[in-house]
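Everything below belongs to final.txt, which stores compact mmCIF, N, CA and C atoms.
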```txt
# COMPACT_ATOMS: atom_id res chain seq x y z
N MET F 30 17.20 19.40 141.69
CA MET F 30 17.35 19.42 140.27
C MET F 30 17.10 20.85 139.78
N PRO F 31 17.97 21.41 138.87
CA PRO F 31 17.80 22.79 138.41
C PRO F 31 16.55 22.94 137.55
N THR F 32 15.97 24.12 137.62
CA THR F 32 14.78 24.43 136.82
C THR F 32 15.23 24.94 135.46
N LEU F 33 14.63 24.39 134.40
CA LEU F 33 14.97 24.83 133.05
C LEU F 33 14.08 26.03 132.69
N THR F 34 14.70 27.01 132.08
CA THR F 34 13.93 28.18 131.63
C THR F 34 14.07 28.29 130.12
N ALA F 35 13.08 28.86 129.52
CA ALA F 35 13.10 29.04 128.07
C ALA F 35 14.15 30.09 127.70
N PRO F 36 14.82 29.89 126.58
CA PRO F 36 15.79 30.91 126.16
C PRO F 36 15.07 32.20 125.80
N PRO F 37 15.76 33.32 125.88
CA PRO F 37 15.12 34.59 125.53
C PRO F 37 14.69 34.59 124.07
N ALA F 38 13.62 35.29 123.79
CA ALA F 38 13.11 35.38 122.42
C ALA F 38 14.08 36.16 121.56
N VAL F 39 14.21 35.74 120.33
CA VAL F 39 15.06 36.45 119.37
C VAL F 39 14.14 37.21 118.43
N ALA F 40 14.42 38.49 118.30
CA ALA F 40 13.59 39.32 117.42
C ALA F 40 13.88 38.98 115.97
N THR F 41 12.84 38.76 115.23
CA THR F 41 12.98 38.52 113.80
C THR F 41 12.85 39.86 113.09
N PRO F 42 13.81 40.18 112.19
CA PRO F 42 13.72 41.47 111.52
C PRO F 42 12.46 41.57 110.67
N ALA F 43 11.87 42.75 110.65
CA ALA F 43 10.71 43.00 109.81
C ALA F 43 11.21 43.35 108.42
N THR F 44 11.28 42.37 107.55
CA THR F 44 11.95 42.54 106.26
C THR F 44 11.20 43.43 105.28
N GLY F 45 9.91 43.33 105.20
CA GLY F 45 9.19 44.06 104.17
C GLY F 45 8.77 45.45 104.56
N GLN F 46 9.20 45.93 105.69
CA GLN F 46 8.69 47.20 106.18
C GLN F 46 9.65 48.36 106.02
N TRP F 47 10.84 48.13 105.49
CA TRP F 47 11.73 49.25 105.23
C TRP F 47 11.11 50.08 104.11
N THR F 48 11.28 51.38 104.19
CA THR F 48 10.83 52.26 103.11
C THR F 48 11.99 53.15 102.69
N ALA F 49 11.82 53.77 101.52
CA ALA F 49 12.82 54.69 101.01
C ALA F 49 12.10 55.92 100.48
N THR F 50 12.59 57.09 100.87
CA THR F 50 12.07 58.34 100.34
C THR F 50 13.03 58.82 99.27
N ILE F 51 12.49 59.06 98.08
CA ILE F 51 13.29 59.45 96.92
C ILE F 51 13.00 60.92 96.66
N ALA F 52 14.07 61.74 96.65
CA ALA F 52 13.87 63.18 96.51
C ALA F 52 15.00 63.81 95.72
N ALA F 53 14.68 64.92 95.06
CA ALA F 53 15.69 65.75 94.41
C ALA F 53 16.37 66.56 95.51
N ASP F 54 17.68 66.47 95.58
CA ASP F 54 18.47 67.06 96.66
C ASP F 54 19.35 68.17 96.09
N ARG F 55 18.96 69.42 96.35
CA ARG F 55 19.72 70.56 95.79
C ARG F 55 21.16 70.58 96.29
N ALA F 56 21.41 70.28 97.53
CA ALA F 56 22.78 70.32 98.06
C ALA F 56 23.66 69.29 97.33
N TYR F 57 23.14 68.09 97.13
CA TYR F 57 23.89 67.05 96.40
C TYR F 57 24.12 67.50 94.95
N PHE F 58 23.11 68.08 94.32
CA PHE F 58 23.22 68.59 92.95
C PHE F 58 24.34 69.63 92.85
N GLU F 59 24.36 70.57 93.78
CA GLU F 59 25.36 71.64 93.73
C GLU F 59 26.77 71.12 93.97
N GLU F 60 26.92 70.06 94.77
CA GLU F 60 28.23 69.45 94.96
C GLU F 60 28.73 68.82 93.66
N ASN F 61 27.82 68.28 92.84
CA ASN F 61 28.20 67.64 91.58
C ASN F 61 28.58 68.64 90.50
N ALA F 62 27.86 69.76 90.44
CA ALA F 62 28.11 70.82 89.45
C ALA F 62 28.29 70.25 88.05
N ILE F 63 27.27 69.55 87.54
CA ILE F 63 27.33 68.98 86.20
C ILE F 63 26.94 70.06 85.20
N GLU F 64 27.86 70.38 84.31
CA GLU F 64 27.64 71.44 83.33
C GLU F 64 26.50 71.08 82.38
N GLY F 65 25.61 72.05 82.14
CA GLY F 65 24.51 71.85 81.21
C GLY F 65 23.30 71.15 81.79
N VAL F 66 23.34 70.81 83.07
CA VAL F 66 22.21 70.14 83.72
C VAL F 66 21.63 71.11 84.75
N GLU F 67 20.32 71.31 84.68
CA GLU F 67 19.66 72.21 85.62
C GLU F 67 18.82 71.43 86.62
N PHE F 68 18.81 71.92 87.85
CA PHE F 68 18.01 71.31 88.91
C PHE F 68 16.53 71.45 88.55
N PRO F 69 15.72 70.43 88.78
CA PRO F 69 14.30 70.50 88.39
C PRO F 69 13.53 71.53 89.21
N ALA F 70 12.69 72.29 88.51
CA ALA F 70 11.88 73.31 89.17
C ALA F 70 10.81 72.68 90.05
N GLU F 71 10.22 71.59 89.56
CA GLU F 71 9.16 70.91 90.31
C GLU F 71 9.52 69.44 90.46
N ALA F 72 10.13 69.11 91.55
CA ALA F 72 10.52 67.72 91.80
C ALA F 72 9.59 67.12 92.86
N GLN F 73 8.98 66.01 92.52
CA GLN F 73 8.07 65.34 93.45
C GLN F 73 8.84 64.35 94.32
N GLU F 74 8.64 64.43 95.61
CA GLU F 74 9.21 63.46 96.54
C GLU F 74 8.25 62.27 96.62
N ARG F 75 8.80 61.07 96.71
CA ARG F 75 7.93 59.89 96.86
C ARG F 75 8.58 58.90 97.81
N THR F 76 7.72 58.12 98.47
CA THR F 76 8.19 57.09 99.39
C THR F 76 7.68 55.75 98.89
N VAL F 77 8.59 54.77 98.86
CA VAL F 77 8.26 53.43 98.39
C VAL F 77 8.66 52.42 99.46
N THR F 78 7.97 51.29 99.48
CA THR F 78 8.35 50.17 100.35
C THR F 78 9.39 49.36 99.62
N LEU F 79 10.43 48.93 100.33
CA LEU F 79 11.49 48.13 99.71
C LEU F 79 11.09 46.66 99.71
N PRO F 80 10.81 46.10 98.54
CA PRO F 80 10.43 44.68 98.47
C PRO F 80 11.67 43.79 98.55
N ALA F 81 11.66 42.85 99.47
CA ALA F 81 12.78 41.91 99.58
C ALA F 81 12.74 40.96 98.40
N PRO F 82 13.81 40.38 97.95
CA PRO F 82 15.15 40.50 98.50
C PRO F 82 16.02 41.56 97.84
N GLN F 83 15.61 42.11 96.68
CA GLN F 83 16.45 43.09 96.00
C GLN F 83 15.62 44.22 95.40
N VAL F 84 16.26 45.40 95.37
CA VAL F 84 15.65 46.57 94.76
C VAL F 84 16.70 47.19 93.85
N ARG F 85 16.42 47.19 92.56
CA ARG F 85 17.34 47.80 91.60
C ARG F 85 17.01 49.28 91.46
N ILE F 86 18.06 50.10 91.34
CA ILE F 86 17.93 51.54 91.16
C ILE F 86 18.51 51.86 89.79
N GLY F 87 17.74 52.56 88.96
CA GLY F 87 18.24 52.90 87.64
C GLY F 87 17.18 53.56 86.79
N ARG F 88 17.31 53.35 85.47
CA ARG F 88 16.36 53.91 84.52
C ARG F 88 15.86 52.80 83.61
N ARG F 89 14.56 52.72 83.45
CA ARG F 89 13.99 51.68 82.60
C ARG F 89 14.36 51.95 81.15
N SER F 90 14.55 50.87 80.42
CA SER F 90 14.86 50.96 79.01
C SER F 90 14.47 49.65 78.36
N THR F 91 13.55 49.73 77.38
CA THR F 91 13.17 48.49 76.69
C THR F 91 14.32 47.98 75.83
N SER F 92 15.10 48.88 75.23
CA SER F 92 16.21 48.45 74.38
C SER F 92 17.33 47.79 75.18
N LYS F 93 17.55 48.24 76.42
CA LYS F 93 18.58 47.65 77.28
C LYS F 93 18.03 46.55 78.18
N GLY F 94 16.70 46.42 78.20
CA GLY F 94 16.08 45.39 79.02
C GLY F 94 16.14 45.68 80.51
N THR F 95 16.16 46.96 80.89
CA THR F 95 16.19 47.31 82.31
C THR F 95 14.82 47.80 82.75
N ASN F 96 14.39 47.34 83.92
CA ASN F 96 13.12 47.74 84.50
C ASN F 96 13.28 47.76 86.02
N PRO F 97 14.03 48.75 86.54
CA PRO F 97 14.33 48.78 87.97
C PRO F 97 13.11 49.07 88.84
N GLU F 98 13.15 48.57 90.07
CA GLU F 98 12.07 48.83 91.03
C GLU F 98 12.02 50.32 91.40
N ILE F 99 13.19 50.95 91.53
CA ILE F 99 13.24 52.41 91.71
C ILE F 99 13.70 52.98 90.37
N ASP F 100 12.70 53.41 89.59
CA ASP F 100 12.94 53.88 88.23
C ASP F 100 13.05 55.40 88.23
N LEU F 101 14.21 55.90 87.83
CA LEU F 101 14.45 57.35 87.83
C LEU F 101 14.57 57.89 86.41
N ALA F 102 14.05 57.15 85.43
CA ALA F 102 14.15 57.55 84.02
C ALA F 102 13.54 58.92 83.76
N ASP F 103 12.43 59.22 84.40
CA ASP F 103 11.75 60.49 84.15
C ASP F 103 12.12 61.58 85.15
N THR F 104 13.04 61.28 86.06
CA THR F 104 13.32 62.26 87.10
C THR F 104 14.77 62.70 87.21
N ASP F 105 15.76 61.89 86.76
CA ASP F 105 17.17 62.25 86.94
C ASP F 105 17.99 61.73 85.76
N PRO F 106 18.46 62.64 84.88
CA PRO F 106 19.22 62.21 83.70
C PRO F 106 20.61 61.66 84.03
N GLY F 107 21.08 61.86 85.25
CA GLY F 107 22.42 61.39 85.62
C GLY F 107 22.46 59.97 86.14
N VAL F 108 21.31 59.32 86.24
CA VAL F 108 21.26 57.95 86.76
C VAL F 108 21.53 56.97 85.62
N SER F 109 22.39 56.00 85.85
CA SER F 109 22.68 54.96 84.86
C SER F 109 21.49 54.01 84.77
N HIS F 110 21.39 53.28 83.66
CA HIS F 110 20.30 52.32 83.50
C HIS F 110 20.32 51.28 84.62
N SER F 111 21.49 50.74 84.92
CA SER F 111 21.66 49.82 86.06
C SER F 111 22.64 50.50 86.99
N HIS F 112 22.13 51.31 87.89
CA HIS F 112 22.97 52.18 88.71
C HIS F 112 23.43 51.51 90.01
N ALA F 113 22.47 51.08 90.83
CA ALA F 113 22.81 50.52 92.14
C ALA F 113 21.80 49.44 92.51
N LEU F 114 22.14 48.69 93.54
CA LEU F 114 21.30 47.58 93.98
C LEU F 114 21.22 47.58 95.49
N LEU F 115 19.99 47.48 96.02
CA LEU F 115 19.77 47.28 97.45
C LEU F 115 19.41 45.81 97.62
N THR F 116 20.07 45.14 98.55
CA THR F 116 19.85 43.71 98.75
C THR F 116 19.63 43.45 100.23
N LEU F 117 18.61 42.66 100.54
CA LEU F 117 18.35 42.26 101.92
C LEU F 117 19.16 41.01 102.20
N SER F 118 20.09 41.09 103.16
CA SER F 118 20.94 39.95 103.49
C SER F 118 20.16 38.92 104.31
N VAL F 119 20.74 37.73 104.46
CA VAL F 119 20.08 36.68 105.23
C VAL F 119 19.92 37.06 106.70
N ASP F 120 20.72 38.03 107.19
CA ASP F 120 20.57 38.48 108.59
C ASP F 120 19.53 39.59 108.74
N GLY F 121 18.84 39.94 107.64
CA GLY F 121 17.83 40.98 107.73
C GLY F 121 18.37 42.39 107.62
N VAL F 122 19.60 42.54 107.11
CA VAL F 122 20.23 43.85 106.96
C VAL F 122 20.23 44.22 105.47
N TRP F 123 19.85 45.46 105.16
CA TRP F 123 19.90 45.93 103.78
C TRP F 123 21.32 46.36 103.45
N LEU F 124 21.75 46.05 102.23
CA LEU F 124 23.08 46.40 101.73
C LEU F 124 22.90 47.21 100.45
N VAL F 125 23.86 48.08 100.15
CA VAL F 125 23.84 48.82 98.88
C VAL F 125 25.12 48.47 98.12
N SER F 126 24.97 48.29 96.80
CA SER F 126 26.10 48.01 95.91
C SER F 126 25.99 48.91 94.69
N ASP F 127 27.13 49.36 94.20
CA ASP F 127 27.15 50.09 92.94
C ASP F 127 27.31 49.07 91.83
N LEU F 128 26.57 49.25 90.74
CA LEU F 128 26.59 48.28 89.63
C LEU F 128 27.45 48.75 88.47
N GLY F 129 28.47 49.58 88.76
CA GLY F 129 29.32 50.10 87.70
C GLY F 129 28.73 51.33 87.05
N SER F 130 28.04 52.13 87.84
CA SER F 130 27.36 53.32 87.33
C SER F 130 28.36 54.34 86.79
N THR F 131 27.86 55.22 85.94
CA THR F 131 28.70 56.26 85.34
C THR F 131 29.10 57.32 86.36
N ASN F 132 28.15 57.76 87.20
CA ASN F 132 28.40 58.86 88.13
C ASN F 132 28.70 58.43 89.56
N GLY F 133 28.64 57.14 89.85
CA GLY F 133 28.94 56.67 91.19
C GLY F 133 27.73 56.64 92.10
N THR F 134 27.86 55.87 93.16
CA THR F 134 26.85 55.76 94.21
C THR F 134 27.53 56.20 95.50
N TYR F 135 26.97 57.21 96.13
CA TYR F 135 27.56 57.78 97.35
C TYR F 135 26.69 57.45 98.54
N LEU F 136 27.31 57.24 99.69
CA LEU F 136 26.58 56.94 100.92
C LEU F 136 26.79 58.08 101.91
N ASN F 137 25.67 58.62 102.38
CA ASN F 137 25.67 59.71 103.35
C ASN F 137 26.53 60.87 102.84
N GLY F 138 27.42 61.40 103.64
CA GLY F 138 28.23 62.54 103.23
C GLY F 138 29.61 62.17 102.75
N GLU F 139 29.83 60.91 102.42
CA GLU F 139 31.16 60.47 102.00
C GLU F 139 31.55 61.12 100.68
N GLN F 140 32.83 61.46 100.55
CA GLN F 140 33.33 62.14 99.36
C GLN F 140 33.72 61.18 98.24
N GLN F 141 33.93 59.91 98.56
CA GLN F 141 34.29 58.91 97.56
C GLN F 141 33.12 57.98 97.32
N PRO F 142 32.83 57.69 96.05
CA PRO F 142 31.72 56.78 95.77
C PRO F 142 32.10 55.34 96.08
N LEU F 143 31.09 54.49 96.20
CA LEU F 143 31.34 53.06 96.31
C LEU F 143 31.97 52.61 95.00
N GLY F 144 32.94 51.73 95.07
CA GLY F 144 33.50 51.17 93.85
C GLY F 144 32.53 50.17 93.25
N ALA F 145 32.63 49.97 91.95
CA ALA F 145 31.75 49.01 91.27
C ALA F 145 31.88 47.66 91.95
N GLY F 146 30.74 47.10 92.33
CA GLY F 146 30.73 45.79 92.97
C GLY F 146 30.97 45.81 94.47
N HIS F 147 31.35 46.96 95.03
CA HIS F 147 31.53 47.04 96.48
C HIS F 147 30.18 47.18 97.15
N THR F 148 30.08 46.63 98.36
CA THR F 148 28.83 46.60 99.10
C THR F 148 29.02 47.22 100.47
N ARG F 149 28.02 47.96 100.92
CA ARG F 149 28.04 48.55 102.26
C ARG F 149 26.72 48.26 102.96
N GLN F 150 26.81 48.06 104.26
CA GLN F 150 25.63 47.82 105.11
C GLN F 150 24.91 49.14 105.35
N LEU F 151 23.58 49.08 105.39
CA LEU F 151 22.76 50.27 105.61
C LEU F 151 22.02 50.19 106.93
N LYS F 152 21.68 51.37 107.46
CA LYS F 152 20.84 51.45 108.65
C LYS F 152 19.81 52.54 108.41
N GLY F 153 18.77 52.54 109.21
CA GLY F 153 17.74 53.56 109.07
C GLY F 153 18.34 54.95 109.14
N GLY F 154 17.91 55.83 108.24
CA GLY F 154 18.42 57.19 108.20
C GLY F 154 19.55 57.39 107.20
N ASP F 155 20.16 56.29 106.72
CA ASP F 155 21.23 56.42 105.73
C ASP F 155 20.69 57.01 104.45
N GLN F 156 21.55 57.74 103.75
CA GLN F 156 21.18 58.34 102.48
C GLN F 156 22.08 57.81 101.38
N VAL F 157 21.46 57.36 100.30
CA VAL F 157 22.17 56.88 99.13
C VAL F 157 21.96 57.94 98.05
N HIS F 158 23.07 58.47 97.51
CA HIS F 158 23.02 59.53 96.50
C HIS F 158 23.40 58.93 95.15
N VAL F 159 22.54 59.17 94.15
CA VAL F 159 22.78 58.66 92.80
C VAL F 159 22.46 59.74 91.78
N GLY F 160 23.02 59.62 90.59
CA GLY F 160 22.69 60.53 89.51
C GLY F 160 23.15 61.95 89.76
N ALA F 161 22.41 62.89 89.16
CA ALA F 161 22.77 64.30 89.28
C ALA F 161 22.25 64.93 90.57
N TRP F 162 21.10 64.42 91.09
CA TRP F 162 20.51 65.08 92.26
C TRP F 162 19.66 64.18 93.15
N THR F 163 19.61 62.91 92.89
CA THR F 163 18.69 62.06 93.65
C THR F 163 19.30 61.57 94.95
N THR F 164 18.55 61.75 96.03
CA THR F 164 18.92 61.21 97.33
C THR F 164 17.81 60.27 97.77
N ILE F 165 18.21 59.06 98.15
CA ILE F 165 17.27 58.05 98.63
C ILE F 165 17.56 57.86 100.11
N THR F 166 16.60 58.26 100.95
CA THR F 166 16.75 58.12 102.41
C THR F 166 16.03 56.87 102.86
N LEU F 167 16.74 56.01 103.58
CA LEU F 167 16.18 54.74 104.03
C LEU F 167 15.57 54.88 105.43
N HIS F 168 14.43 54.22 105.60
CA HIS F 168 13.72 54.26 106.88
C HIS F 168 13.51 52.82 107.35
N ALA F 169 14.08 52.51 108.51
CA ALA F 169 13.93 51.18 109.11
C ALA F 169 12.55 51.06 109.75
N PRO F 170 12.06 49.82 109.89
CA PRO F 170 10.74 49.63 110.54
C PRO F 170 10.78 50.07 111.99
```
Could I get this file's structure written as structure tokens?
Amino acid sequence: MPTLTAPPAVATPATGQWTATIAADRAYFEENAIEGVEFPAEAQERTVTLPAPQVRIGRRSTSKGTNPEIDLADTDPGVSHSHALLTLSVDGVWLVSDLGSTNGTYLNGEQQPLGAGHTRQLKGGDQVHVGAWTTITLHAP
């Protein structure tokens, strides 16, 4: 009679451990060349943990009722109130979607922004560019 063996273990994705580093990116700013907007002299870099299942990127506004998890109201005037959305899929993969932003949401070095409502899969090291100069670098667990 054959011996039964246990199936191999399946790794469960570590959902709450992805982080994002948010920084002012001079190279991205210079590619945009927005007239009348100057790159910040003192830009603070910060790293946040991505809380599942969704992380909104934008600018808080009491009049518009927006309160994004990644709030760029005080750091980047080119970010729309509801700019982009990071969503953790049921397979444990983070996705990025543009929410119809004014300036577009760019992934890595791509020259064309994501279309409104379009979604792309992310991996550790990917960079999401929003606003006039903000780059959000994703870090997998």
Measuring atom to atom with all atoms listed in the file, identify which of F:Val84, F:Leu79, F:Val159, F:Leu136 is nearest to Asp105 in chain F.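 Smallest separation from Asp105 in chain F among the options: F:Val159.
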What is the distance, in Å and to one decimal place, between CA of Ser118 in chain F and CA of Pro106 in chain F? 29.8 Å
From the options F:Ala161, F:Val125, F:Leu167, F:Leu117, which residue's atoms come nearest to Pro82 in chain F, counting all atoms listed in the file?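 When distances to Pro82 in chain F are compared using all atoms listed in the file, the smallest one comes from F:Leu117.
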May I ask for the distance between atom C of His168 in chain F and atom N of Thr148 in chain F, given in Å to one decimal place?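 Computed distance, atom C of His168 in chain F to atom N of Thr148 in chain F, equals 19.8 Å.
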Which residues in range 45-116 of chain F does DSSP call helix (DSSP H, G or I)? List them as a ChimeraX atom specification. /F:45-46,55-61
Which residues are near Gly87 in chain F? Cut-off 5 Å, only N, CA and C atoms, ignore same chain within fewer than 3 positions. Put them as a CSV table (one decimal) with N, CA and C atoms, in the coordinates of the input.
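Written file, part_20.csv:
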```csv
chain,number,residue,atom,x,y,z
F,99,ILE,N,13.2,51.0,91.5
F,99,ILE,CA,13.2,52.4,91.7
F,99,ILE,C,13.7,53.0,90.4
F,100,ASP,N,12.7,53.4,89.6
F,100,ASP,CA,12.9,53.9,88.2
F,100,ASP,C,13.0,55.4,88.2
F,101,LEU,N,14.2,55.9,87.8
F,101,LEU,CA,14.4,57.4,87.8
F,101,LEU,C,14.6,57.9,86.4
F,102,ALA,N,14.0,57.2,85.4
F,102,ALA,CA,14.2,57.6,84.0
F,102,ALA,C,13.5,58.9,83.8
F,109,SER,N,22.4,56.0,85.8
F,109,SER,CA,22.7,55.0,84.9
F,109,SER,C,21.5,54.0,84.8
F,110,HIS,N,21.4,53.3,83.7
F,110,HIS,CA,20.3,52.3,83.5
F,110,HIS,C,20.3,51.3,84.6
F,111,SER,N,21.5,50.7,84.9
F,111,SER,CA,21.7,49.8,86.1
F,111,SER,C,22.6,50.5,87.0
F,112,HIS,N,22.1,51.3,87.9
F,112,HIS,CA,23.0,52.2,88.7
F,112,HIS,C,23.4,51.5,90.0
```
What's the 6 Å shell around Asp155 in chain F, counting all atoms listed in the file, without same-chain residues fewer than 4 positions away, as a count of residues only? 4
Report, in Å with one decimal, the straight-line distance from atom N of Thr76 in chain F to CA of Val122 in chain F.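 So the answer is 20.8 Å.
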If you take every atom of range 72-77 of chain F that the file lists and fit an axis-aligned box around them with 6 Å extra on each side, what centre and edge lengths come out in Å to one decimal, as AutoDock Vina command-line options?
```
--center_x 9.1 --center_y 60.8 --center_z 95.5 --size_x 14.8 --size_y 28.7 --size_z 19.9
```
